[in-house]
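Chemist: upload.csv (CSV, N, CA and C atoms) pasted underneath:
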chain,number,residue,atom,x,y,z
A,1,GLN,N,15.8,-1.7,-7.2
A,1,GLN,CA,15.3,-1.3,-5.9
A,1,GLN,C,14.6,0.1,-6.1
A,2,VAL,N,13.5,0.2,-5.5
A,2,VAL,CA,12.7,1.4,-5.5
A,2,VAL,C,12.5,1.9,-4.1
A,3,GLN,N,12.7,3.2,-3.9
A,3,GLN,CA,12.4,3.9,-2.7
A,3,GLN,C,11.3,4.8,-2.8
A,4,LEU,N,10.4,4.8,-1.9
A,4,LEU,CA,9.2,5.6,-1.9
A,4,LEU,C,9.2,6.5,-0.7
A,5,VAL,N,9.0,7.8,-0.9
A,5,VAL,CA,9.0,8.8,0.2
A,5,VAL,C,7.7,9.6,0.1
A,6,GLU,N,6.9,9.4,1.2
A,6,GLU,CA,5.6,10.1,1.3
A,6,GLU,C,5.8,11.5,2.0
A,7,SER,N,4.9,12.4,1.7
A,7,SER,CA,4.8,13.6,2.4
A,7,SER,C,3.4,14.2,2.3
A,8,GLY,N,3.2,15.2,3.1
A,8,GLY,CA,1.9,15.9,3.0
A,8,GLY,C,0.9,15.6,4.1
A,9,GLY,N,1.2,14.6,4.9
A,9,GLY,CA,0.3,14.3,6.0
A,9,GLY,C,0.3,15.5,7.0
A,10,GLY,N,-0.6,15.4,7.9
A,10,GLY,CA,-0.8,16.4,8.9
A,10,GLY,C,-2.1,16.3,9.7
A,11,SER,N,-2.4,17.3,10.5
A,11,SER,CA,-3.6,17.4,11.3
A,11,SER,C,-4.5,18.4,10.7
A,12,VAL,N,-5.8,18.0,10.5
A,12,VAL,CA,-6.8,18.9,10.0
A,12,VAL,C,-8.1,18.6,10.8
A,13,GLN,N,-9.0,19.5,10.6
A,13,GLN,CA,-10.3,19.4,11.3
A,13,GLN,C,-11.3,18.6,10.3
A,14,ASP,N,-12.3,18.1,10.9
A,14,ASP,CA,-13.4,17.5,10.2
A,14,ASP,C,-13.8,18.4,9.0
A,15,GLY,N,-13.8,17.8,7.8
A,15,GLY,CA,-14.2,18.6,6.6
A,15,GLY,C,-13.0,19.2,5.9
A,16,GLY,N,-11.8,19.1,6.5
A,16,GLY,CA,-10.6,19.7,5.9
A,16,GLY,C,-10.1,18.8,4.7
A,17,SER,N,-9.0,19.4,4.1
A,17,SER,CA,-8.4,18.7,3.0
A,17,SER,C,-6.9,18.6,3.2
A,18,LEU,N,-6.3,17.6,2.5
A,18,LEU,CA,-4.9,17.4,2.5
A,18,LEU,C,-4.5,16.8,1.1
A,19,ARG,N,-3.3,17.0,0.7
A,19,ARG,CA,-2.8,16.3,-0.5
A,19,ARG,C,-1.5,15.6,-0.1
A,20,LEU,N,-1.5,14.3,-0.3
A,20,LEU,CA,-0.4,13.5,0.0
A,20,LEU,C,0.4,13.3,-1.3
A,21,SER,N,1.7,13.2,-1.2
A,21,SER,CA,2.6,13.0,-2.3
A,21,SER,C,3.5,11.8,-2.0
A,22,CYS,N,3.8,11.1,-3.1
A,22,CYS,CA,4.8,9.9,-2.9
A,22,CYS,C,5.8,10.1,-4.1
A,23,VAL,N,7.0,10.3,-3.7
A,23,VAL,CA,8.1,10.4,-4.7
A,23,VAL,C,8.8,9.1,-4.8
A,24,ALA,N,9.1,8.6,-6.0
A,24,ALA,CA,9.7,7.3,-6.2
A,24,ALA,C,11.1,7.5,-6.8
A,25,SER,N,12.0,6.7,-6.4
A,25,SER,CA,13.3,6.6,-7.1
A,25,SER,C,13.3,5.6,-8.2
A,26,GLY,N,14.3,5.5,-9.0
A,26,GLY,CA,14.3,4.5,-10.0
A,26,GLY,C,13.8,5.1,-11.4
A,27,SER,N,14.1,4.3,-12.4
A,27,SER,CA,13.8,4.8,-13.8
A,27,SER,C,12.6,4.3,-14.4
A,28,THR,N,11.9,3.4,-13.7
A,28,THR,CA,10.7,2.7,-14.3
A,28,THR,C,9.4,3.0,-13.7
A,29,PHE,N,9.3,4.2,-13.1
A,29,PHE,CA,8.1,4.5,-12.3
A,29,PHE,C,6.9,4.4,-13.2
A,30,SER,N,7.0,4.8,-14.4
A,30,SER,CA,5.8,4.8,-15.3
A,30,SER,C,5.2,3.4,-15.5
A,31,ARG,N,6.0,2.4,-15.2
A,31,ARG,CA,5.5,1.0,-15.5
A,31,ARG,C,4.9,0.4,-14.2
A,32,TYR,N,5.0,1.1,-13.1
A,32,TYR,CA,4.5,0.5,-11.9
A,32,TYR,C,3.0,0.8,-11.7
A,33,THR,N,2.3,-0.1,-11.1
A,33,THR,CA,1.0,0.2,-10.5
A,33,THR,C,1.3,0.7,-9.1
A,34,MET,N,0.7,1.9,-8.8
A,34,MET,CA,0.9,2.6,-7.6
A,34,MET,C,-0.4,2.6,-6.8
A,35,ALA,N,-0.3,2.7,-5.5
A,35,ALA,CA,-1.5,2.7,-4.6
A,35,ALA,C,-1.2,3.4,-3.3
A,36,TRP,N,-2.3,3.8,-2.7
A,36,TRP,CA,-2.2,4.3,-1.3
A,36,TRP,C,-3.0,3.4,-0.5
A,37,TYR,N,-2.3,3.0,0.6
A,37,TYR,CA,-3.0,2.2,1.7
A,37,TYR,C,-3.0,3.0,3.0
A,38,ARG,N,-3.8,2.6,3.9
A,38,ARG,CA,-3.8,3.3,5.2
A,38,ARG,C,-4.0,2.2,6.3
A,39,GLN,N,-3.5,2.6,7.5
A,39,GLN,CA,-3.7,1.7,8.6
A,39,GLN,C,-4.0,2.6,9.9
A,40,ALA,N,-5.1,2.3,10.4
A,40,ALA,CA,-5.5,3.0,11.6
A,40,ALA,C,-5.1,2.2,12.8
A,41,PRO,N,-5.0,2.8,14.0
A,41,PRO,CA,-4.6,2.0,15.2
A,41,PRO,C,-5.5,0.9,15.4
A,42,GLY,N,-4.9,-0.3,15.6
A,42,GLY,CA,-5.7,-1.5,15.9
A,42,GLY,C,-6.4,-2.1,14.8
A,43,LYS,N,-6.2,-1.6,13.6
A,43,LYS,CA,-6.9,-2.1,12.4
A,43,LYS,C,-5.9,-2.6,11.4
A,44,GLN,N,-6.4,-3.4,10.4
A,44,GLN,CA,-5.5,-3.9,9.4
A,44,GLN,C,-5.3,-2.8,8.3
A,45,ARG,N,-4.2,-2.9,7.6
A,45,ARG,CA,-3.9,-2.0,6.5
A,45,ARG,C,-4.9,-2.3,5.4
A,46,GLU,N,-5.4,-1.2,4.9
A,46,GLU,CA,-6.4,-1.3,3.8
A,46,GLU,C,-6.1,-0.4,2.6
A,47,LEU,N,-6.5,-0.9,1.5
A,47,LEU,CA,-6.3,-0.2,0.2
A,47,LEU,C,-7.3,1.0,0.2
A,48,VAL,N,-6.7,2.2,-0.1
A,48,VAL,CA,-7.5,3.4,-0.3
A,48,VAL,C,-7.8,3.6,-1.8
A,49,ALA,N,-6.7,3.6,-2.6
A,49,ALA,CA,-6.9,3.9,-4.0
A,49,ALA,C,-5.7,3.3,-4.7
A,50,SER,N,-5.9,3.0,-6.0
A,50,SER,CA,-4.7,2.5,-6.8
A,50,SER,C,-4.8,3.2,-8.2
A,51,ILE,N,-3.7,3.2,-8.9
A,51,ILE,CA,-3.6,3.8,-10.2
A,51,ILE,C,-2.6,2.9,-11.0
A,52,ALA,N,-3.1,2.4,-12.1
A,52,ALA,CA,-2.3,1.6,-12.9
A,52,ALA,C,-1.4,2.4,-13.8
A,53,SER,N,-0.4,1.7,-14.5
A,53,SER,CA,0.5,2.4,-15.3
A,53,SER,C,-0.2,3.2,-16.4
A,54,GLY,N,-1.3,2.7,-16.9
A,54,GLY,CA,-2.0,3.4,-17.9
A,54,GLY,C,-3.0,4.4,-17.4
A,55,GLY,N,-3.1,4.5,-16.1
A,55,GLY,CA,-3.9,5.6,-15.5
A,55,GLY,C,-5.3,5.1,-15.0
A,56,THR,N,-5.6,3.9,-15.2
A,56,THR,CA,-6.9,3.4,-14.6
A,56,THR,C,-6.8,3.4,-13.1
A,57,THR,N,-7.9,4.0,-12.5
A,57,THR,CA,-7.9,4.1,-11.1
A,57,THR,C,-9.0,3.3,-10.4
A,58,ASN,N,-8.8,3.0,-9.2
A,58,ASN,CA,-9.7,2.2,-8.4
A,58,ASN,C,-9.7,2.8,-7.0
A,59,TYR,N,-10.9,2.8,-6.4
A,59,TYR,CA,-11.1,3.4,-5.1
A,59,TYR,C,-11.8,2.5,-4.1
A,60,ALA,N,-11.4,2.5,-2.9
A,60,ALA,CA,-12.2,1.9,-1.8
A,60,ALA,C,-13.5,2.7,-1.7
A,61,ASP,N,-14.6,2.0,-1.3
A,61,ASP,CA,-15.9,2.7,-1.2
A,61,ASP,C,-15.8,3.9,-0.3
A,62,SER,N,-15.0,3.8,0.8
A,62,SER,CA,-14.9,4.9,1.7
A,62,SER,C,-14.2,6.2,1.1
A,63,ALA,N,-13.5,6.0,0.0
A,63,ALA,CA,-12.7,7.1,-0.6
A,63,ALA,C,-13.5,7.7,-1.8
A,64,LYS,N,-14.4,6.9,-2.4
A,64,LYS,CA,-15.1,7.4,-3.6
A,64,LYS,C,-15.8,8.7,-3.3
A,65,GLY,N,-15.6,9.6,-4.3
A,65,GLY,CA,-16.2,10.9,-4.2
A,65,GLY,C,-15.5,11.9,-3.3
A,66,ARG,N,-14.5,11.5,-2.6
A,66,ARG,CA,-13.8,12.4,-1.7
A,66,ARG,C,-12.3,12.4,-2.0
A,67,PHE,N,-11.7,11.3,-2.4
A,67,PHE,CA,-10.3,11.2,-2.7
A,67,PHE,C,-10.1,11.1,-4.2
A,68,THR,N,-8.9,11.6,-4.6
A,68,THR,CA,-8.6,11.5,-6.0
A,68,THR,C,-7.1,11.1,-6.1
A,69,ILE,N,-6.8,10.0,-6.7
A,69,ILE,CA,-5.5,9.5,-6.9
A,69,ILE,C,-5.0,9.9,-8.3
A,70,SER,N,-3.7,10.3,-8.4
A,70,SER,CA,-3.2,10.7,-9.7
A,70,SER,C,-1.7,10.5,-9.7
A,71,ARG,N,-1.1,10.6,-10.9
A,71,ARG,CA,0.3,10.4,-11.0
A,71,ARG,C,0.9,11.3,-12.0
A,72,ASP,N,2.2,11.6,-11.8
A,72,ASP,CA,2.9,12.4,-12.8
A,72,ASP,C,4.2,11.6,-13.1
A,73,ASN,N,4.2,10.9,-14.2
A,73,ASN,CA,5.3,10.0,-14.4
A,73,ASN,C,6.6,10.8,-14.7
A,74,ALA,N,6.5,12.0,-15.2
A,74,ALA,CA,7.7,12.8,-15.4
A,74,ALA,C,8.4,13.1,-14.1
A,75,LYS,N,7.6,13.3,-13.1
A,75,LYS,CA,8.1,13.7,-11.8
A,75,LYS,C,8.3,12.5,-10.9
A,76,LYS,N,7.9,11.3,-11.4
A,76,LYS,CA,7.9,10.1,-10.6
A,76,LYS,C,7.2,10.3,-9.3
A,77,THR,N,6.0,10.8,-9.4
A,77,THR,CA,5.3,11.2,-8.2
A,77,THR,C,3.8,10.8,-8.3
A,78,MET,N,3.3,10.3,-7.2
A,78,MET,CA,1.9,9.9,-7.1
A,78,MET,C,1.3,10.8,-6.0
A,79,TYR,N,0.0,11.2,-6.2
A,79,TYR,CA,-0.7,12.1,-5.3
A,79,TYR,C,-2.0,11.4,-4.8
A,80,LEU,N,-2.4,11.9,-3.7
A,80,LEU,CA,-3.7,11.6,-3.2
A,80,LEU,C,-4.3,12.9,-2.7
A,81,GLN,N,-5.3,13.4,-3.4
A,81,GLN,CA,-6.0,14.6,-3.0
A,81,GLN,C,-7.2,14.1,-2.1
A,82,MET,N,-7.3,14.6,-0.9
A,82,MET,CA,-8.3,14.2,0.0
A,82,MET,C,-9.1,15.4,0.4
A,83,ILE,N,-10.4,15.4,0.2
A,83,ILE,CA,-11.3,16.5,0.7
A,83,ILE,C,-12.3,15.9,1.6
A,84,SER,N,-13.1,16.8,2.2
A,84,SER,CA,-14.1,16.3,3.2
A,84,SER,C,-13.7,15.2,4.1
A,85,LEU,N,-12.5,15.5,4.7
A,85,LEU,CA,-11.9,14.5,5.6
A,85,LEU,C,-12.8,14.3,6.8
A,86,ARG,N,-12.8,13.1,7.3
A,86,ARG,CA,-13.6,12.7,8.5
A,86,ARG,C,-12.6,12.1,9.5
A,87,PRO,N,-13.0,12.1,10.8
A,87,PRO,CA,-12.2,11.5,11.8
A,87,PRO,C,-11.8,10.1,11.5
A,88,GLU,N,-12.7,9.3,10.9
A,88,GLU,CA,-12.4,7.9,10.6
A,88,GLU,C,-11.4,7.8,9.5
A,89,ASP,N,-11.0,8.9,8.9
A,89,ASP,CA,-9.9,8.8,7.9
A,89,ASP,C,-8.5,8.9,8.6
A,90,THR,N,-8.5,9.1,9.9
A,90,THR,CA,-7.3,9.2,10.7
A,90,THR,C,-6.5,7.8,10.6
A,91,ALA,N,-5.3,7.9,10.1
A,91,ALA,CA,-4.5,6.7,9.9
A,91,ALA,C,-3.1,7.1,9.4
A,92,VAL,N,-2.2,6.1,9.4
A,92,VAL,CA,-0.9,6.3,8.7
A,92,VAL,C,-1.2,5.9,7.2
A,93,TYR,N,-0.8,6.7,6.3
A,93,TYR,CA,-1.0,6.5,4.9
A,93,TYR,C,0.3,6.1,4.3
A,94,TYR,N,0.2,5.0,3.5
A,94,TYR,CA,1.4,4.4,2.9
A,94,TYR,C,1.3,4.4,1.4
A,95,CYS,N,2.4,4.7,0.8
A,95,CYS,CA,2.6,4.6,-0.6
A,95,CYS,C,3.1,3.2,-1.0
A,96,TYR,N,2.6,2.6,-2.1
A,96,TYR,CA,2.9,1.2,-2.5
A,96,TYR,C,3.1,1.2,-4.0
A,97,ALA,N,4.1,0.4,-4.3
A,97,ALA,CA,4.4,0.2,-5.8
A,97,ALA,C,4.5,-1.2,-6.1
A,98,ASN,N,4.0,-1.6,-7.2
A,98,ASN,CA,4.0,-3.0,-7.7
A,98,ASN,C,4.5,-3.0,-9.1
A,99,SER,N,5.6,-3.7,-9.3
A,99,SER,CA,6.2,-3.8,-10.7
A,99,SER,C,5.5,-4.8,-11.5
A,100,TYR,N,5.7,-4.8,-12.8
A,100,TYR,CA,5.2,-5.8,-13.7
A,100,TYR,C,5.7,-7.2,-13.3
A,101,PHE,N,6.9,-7.3,-12.7
A,101,PHE,CA,7.4,-8.6,-12.4
A,101,PHE,C,7.0,-9.0,-11.0
A,102,GLY,N,6.2,-8.2,-10.3
A,102,GLY,CA,5.7,-8.6,-9.0
A,102,GLY,C,6.5,-8.1,-7.8
A,103,ASP,N,7.5,-7.3,-8.1
A,103,ASP,CA,8.2,-6.7,-6.9
A,103,ASP,C,7.3,-5.7,-6.3
A,104,THR,N,7.3,-5.6,-5.0
A,104,THR,CA,6.5,-4.7,-4.3
A,104,THR,C,7.3,-3.8,-3.3
A,105,TYR,N,6.9,-2.6,-3.2
A,105,TYR,CA,7.7,-1.7,-2.3
A,105,TYR,C,6.7,-0.8,-1.5
A,106,TRP,N,7.1,-0.5,-0.3
A,106,TRP,CA,6.3,0.4,0.6
A,106,TRP,C,7.1,1.6,1.0
A,107,GLY,N,6.4,2.7,1.2
A,107,GLY,CA,7.0,3.9,1.8
A,107,GLY,C,7.0,3.7,3.3
A,108,GLN,N,7.5,4.7,4.0
A,108,GLN,CA,7.6,4.7,5.4
A,108,GLN,C,6.3,5.2,6.1
A,109,GLY,N,5.4,5.8,5.3
A,109,GLY,CA,4.1,6.2,5.9
A,109,GLY,C,4.1,7.7,6.3
A,110,THR,N,2.9,8.3,6.2
A,110,THR,CA,2.7,9.6,6.7
A,110,THR,C,1.4,9.7,7.4
A,111,GLN,N,1.5,10.4,8.6
A,111,GLN,CA,0.3,10.4,9.5
A,111,GLN,C,-0.7,11.4,9.0
A,112,VAL,N,-1.9,11.0,9.0
A,112,VAL,CA,-3.1,11.9,8.8
A,112,VAL,C,-4.0,11.8,10.0
A,113,THR,N,-4.2,13.0,10.6
A,113,THR,CA,-5.1,13.0,11.7
A,113,THR,C,-6.2,14.0,11.5
A,114,VAL,N,-7.4,13.5,11.6
A,114,VAL,CA,-8.6,14.4,11.4
A,114,VAL,C,-9.4,14.5,12.7
A,115,SER,N,-9.5,15.7,13.2
A,115,SER,CA,-10.2,15.9,14.5
A,115,SER,C,-11.6,16.4,14.3
A,116,SER,N,-12.4,16.1,15.2
A,116,SER,CA,-13.8,16.5,15.1
A,116,SER,C,-14.1,17.8,15.9
Please render this file's structure as structure tokens.
Modeler:
Amino acid sequence: QVQLVESGGGSVQDGGSLRLSCVASGSTFSRYTMAWYRQAPGKQRELVASIASGGTTNYADSAKGRFTISRDNAKKTMYLQMISLRPEDTAVYYCYANSYFGDTYWGQGTQVTVSS
């Protein structure tokens, strides 16, 4: 069982920056594919960015050039550095983990609000 705890959300103005963190429990963090998803009110949850165990990253088009996903396996922590935030980035951001065996885990989410 893996528990994921996000932090770092908050309220910023248009153009601001935030860094989200996701701390994982368990001993096999390095083997997990990790990702950030987000869900805005009235919309479906969508992938923001992912990072494989080997470090390969993938970004949604909306995140390219503004968001950077990274991981520190020693700290069992994943990050999402967000710059040039826009009001349309307002959402609850969720941490996601996917094991080699297909087990999936979600964090409780952290709210990001960007005001114009």
Chemist: With only N, CA and C atoms as the counted atoms, please give the residues lying no more than 6 Å from Asn73 of chain A, apart from itself and same-chain residues fewer than 4 positions off, as a list in words.
Modeler: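 The contact residues come out as Phe29, Ser30 and Thr77 of chain A.
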Chemist: Can you spit out the residues from that selection as a PDB file, keeping the file's coordinate frame, using N, CA and C atoms?
Modeler:
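Printed below is out_37.pdb as written:
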ATOM      1  N   PHE A  29       9.300   4.200 -13.100  1.00  0.00           N
ATOM      2  CA  PHE A  29       8.100   4.500 -12.300  1.00  0.00           C
ATOM      3  C   PHE A  29       6.900   4.400 -13.200  1.00  0.00           C
ATOM      4  N   SER A  30       7.000   4.800 -14.400  1.00  0.00           N
ATOM      5  CA  SER A  30       5.800   4.800 -15.300  1.00  0.00           C
ATOM      6  C   SER A  30       5.200   3.400 -15.500  1.00  0.00           C
ATOM      7  N   THR A  77       6.000  10.800  -9.400  1.00  0.00           N
ATOM      8  CA  THR A  77       5.300  11.200  -8.200  1.00  0.00           C
ATOM      9  C   THR A  77       3.800  10.800  -8.300  1.00  0.00           C
TER      10      THR A  77
END
Chemist: Name the residues in contact with Tyr32 of chain A at a cut-off of 6 Å, using all atoms listed in the file, excluding same-chain residues fewer than 2 positions from it; report them as a ChimeraX atom specification.
Modeler: /A:28-30,34,52-53,98-100
Chemist: Return as a ChimeraX atom specification the full set of residues in segment 51-108 of chain A whose backbone-based DSSP assignment is strand (DSSP E).
Modeler: /A:51,57-59,67-72,77-82,91-98,104-106
Chemist: Quick one: residues within 12 Å of Arg45 of chain A, only C-alpha atoms, excluding same-chain residues fewer than 5 positions away - as a PyMOL selection string?
Modeler: chain A and resi 36-40+91-96+109
Chemist: I need the helix (DSSP H, G or I) residues of segment 27-99 of chain A per DSSP on the backbone, written as a PyMOL selection string.
Modeler: chain A and resi 29-31+73-75+87-89
Chemist: Could you turn the residues from that selection into a file that holds N, CA and C atoms, as a compact mmCIF listing (two decimals), in the coordinates of the input?
Modeler:
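What follows is the written file part-v2.txt:
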# COMPACT_ATOMS: atom_id res chain seq x y z
N PHE A 29 9.30 4.20 -13.10
CA PHE A 29 8.10 4.50 -12.30
C PHE A 29 6.90 4.40 -13.20
N SER A 30 7.00 4.80 -14.40
CA SER A 30 5.80 4.80 -15.30
C SER A 30 5.20 3.40 -15.50
N ARG A 31 6.00 2.40 -15.20
CA ARG A 31 5.50 1.00 -15.50
C ARG A 31 4.90 0.40 -14.20
N ASN A 73 4.20 10.90 -14.20
CA ASN A 73 5.30 10.00 -14.40
C ASN A 73 6.60 10.80 -14.70
N ALA A 74 6.50 12.00 -15.20
CA ALA A 74 7.70 12.80 -15.40
C ALA A 74 8.40 13.10 -14.10
N LYS A 75 7.60 13.30 -13.10
CA LYS A 75 8.10 13.70 -11.80
C LYS A 75 8.30 12.50 -10.90
N PRO A 87 -13.00 12.10 10.80
CA PRO A 87 -12.20 11.50 11.80
C PRO A 87 -11.80 10.10 11.50
N GLU A 88 -12.70 9.30 10.90
CA GLU A 88 -12.40 7.90 10.60
C GLU A 88 -11.40 7.80 9.50
N ASP A 89 -11.00 8.90 8.90
CA ASP A 89 -9.90 8.80 7.90
C ASP A 89 -8.50 8.90 8.60
Chemist: Please provide the set of residues having any atom within 8 Å of Gln3 of chain A, restricted to all atoms listed in the file, with same-chain residues fewer than 3 positions apart removed, written as a ChimeraX atom specification.
Modeler: /A:6,22-26,105-108
Chemist: Missing atoms in segment 54-70 of chain A should be modelled up to N, CA, C and O atoms and reported as a tab-separated table (two decimals), in the coordinates of the input.
Modeler:
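And here is the file that came out, selection-v3.tsv:
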chain	number	residue	atom	x	y	z
A	54	GLY	N	-1.30	2.70	-16.90
A	54	GLY	CA	-2.00	3.40	-17.90
A	54	GLY	C	-3.00	4.40	-17.40
A	54	GLY	O	-3.65	5.08	-18.25
A	55	GLY	N	-3.10	4.50	-16.10
A	55	GLY	CA	-3.90	5.60	-15.50
A	55	GLY	C	-5.30	5.10	-15.00
A	55	GLY	O	-6.01	5.94	-14.41
A	56	THR	N	-5.60	3.90	-15.20
A	56	THR	CA	-6.90	3.40	-14.60
A	56	THR	C	-6.80	3.40	-13.10
A	56	THR	O	-5.84	3.02	-12.46
A	57	THR	N	-7.90	4.00	-12.50
A	57	THR	CA	-7.90	4.10	-11.10
A	57	THR	C	-9.00	3.30	-10.40
A	57	THR	O	-9.95	2.83	-11.07
A	58	ASN	N	-8.80	3.00	-9.20
A	58	ASN	CA	-9.70	2.20	-8.40
A	58	ASN	C	-9.70	2.80	-7.00
A	58	ASN	O	-8.67	3.15	-6.44
A	59	TYR	N	-10.90	2.80	-6.40
A	59	TYR	CA	-11.10	3.40	-5.10
A	59	TYR	C	-11.80	2.50	-4.10
A	59	TYR	O	-12.76	1.82	-4.51
A	60	ALA	N	-11.40	2.50	-2.90
A	60	ALA	CA	-12.20	1.90	-1.80
A	60	ALA	C	-13.50	2.70	-1.70
A	60	ALA	O	-13.59	3.90	-2.02
A	61	ASP	N	-14.60	2.00	-1.30
A	61	ASP	CA	-15.90	2.70	-1.20
A	61	ASP	C	-15.80	3.90	-0.30
A	61	ASP	O	-16.43	4.96	-0.51
A	62	SER	N	-15.00	3.80	0.80
A	62	SER	CA	-14.90	4.90	1.70
A	62	SER	C	-14.20	6.20	1.10
A	62	SER	O	-14.31	7.28	1.62
A	63	ALA	N	-13.50	6.00	0.00
A	63	ALA	CA	-12.70	7.10	-0.60
A	63	ALA	C	-13.50	7.70	-1.80
A	63	ALA	O	-13.16	8.77	-2.26
A	64	LYS	N	-14.40	6.90	-2.40
A	64	LYS	CA	-15.10	7.40	-3.60
A	64	LYS	C	-15.80	8.70	-3.30
A	64	LYS	O	-16.50	8.90	-2.36
A	65	GLY	N	-15.60	9.60	-4.30
A	65	GLY	CA	-16.20	10.90	-4.20
A	65	GLY	C	-15.50	11.90	-3.30
A	65	GLY	O	-15.80	13.14	-3.36
A	66	ARG	N	-14.50	11.50	-2.60
A	66	ARG	CA	-13.80	12.40	-1.70
A	66	ARG	C	-12.30	12.40	-2.00
A	66	ARG	O	-11.62	13.47	-1.77
A	67	PHE	N	-11.70	11.30	-2.40
A	67	PHE	CA	-10.30	11.20	-2.70
A	67	PHE	C	-10.10	11.10	-4.20
A	67	PHE	O	-10.84	10.44	-4.87
A	68	THR	N	-8.90	11.60	-4.60
A	68	THR	CA	-8.60	11.50	-6.00
A	68	THR	C	-7.10	11.10	-6.10
A	68	THR	O	-6.23	11.82	-5.55
A	69	ILE	N	-6.80	10.00	-6.70
A	69	ILE	CA	-5.50	9.50	-6.90
A	69	ILE	C	-5.00	9.90	-8.30
A	69	ILE	O	-5.77	9.93	-9.27
A	70	SER	N	-3.70	10.30	-8.40
A	70	SER	CA	-3.20	10.70	-9.70
A	70	SER	C	-1.70	10.50	-9.70
A	70	SER	O	-1.10	10.21	-8.63
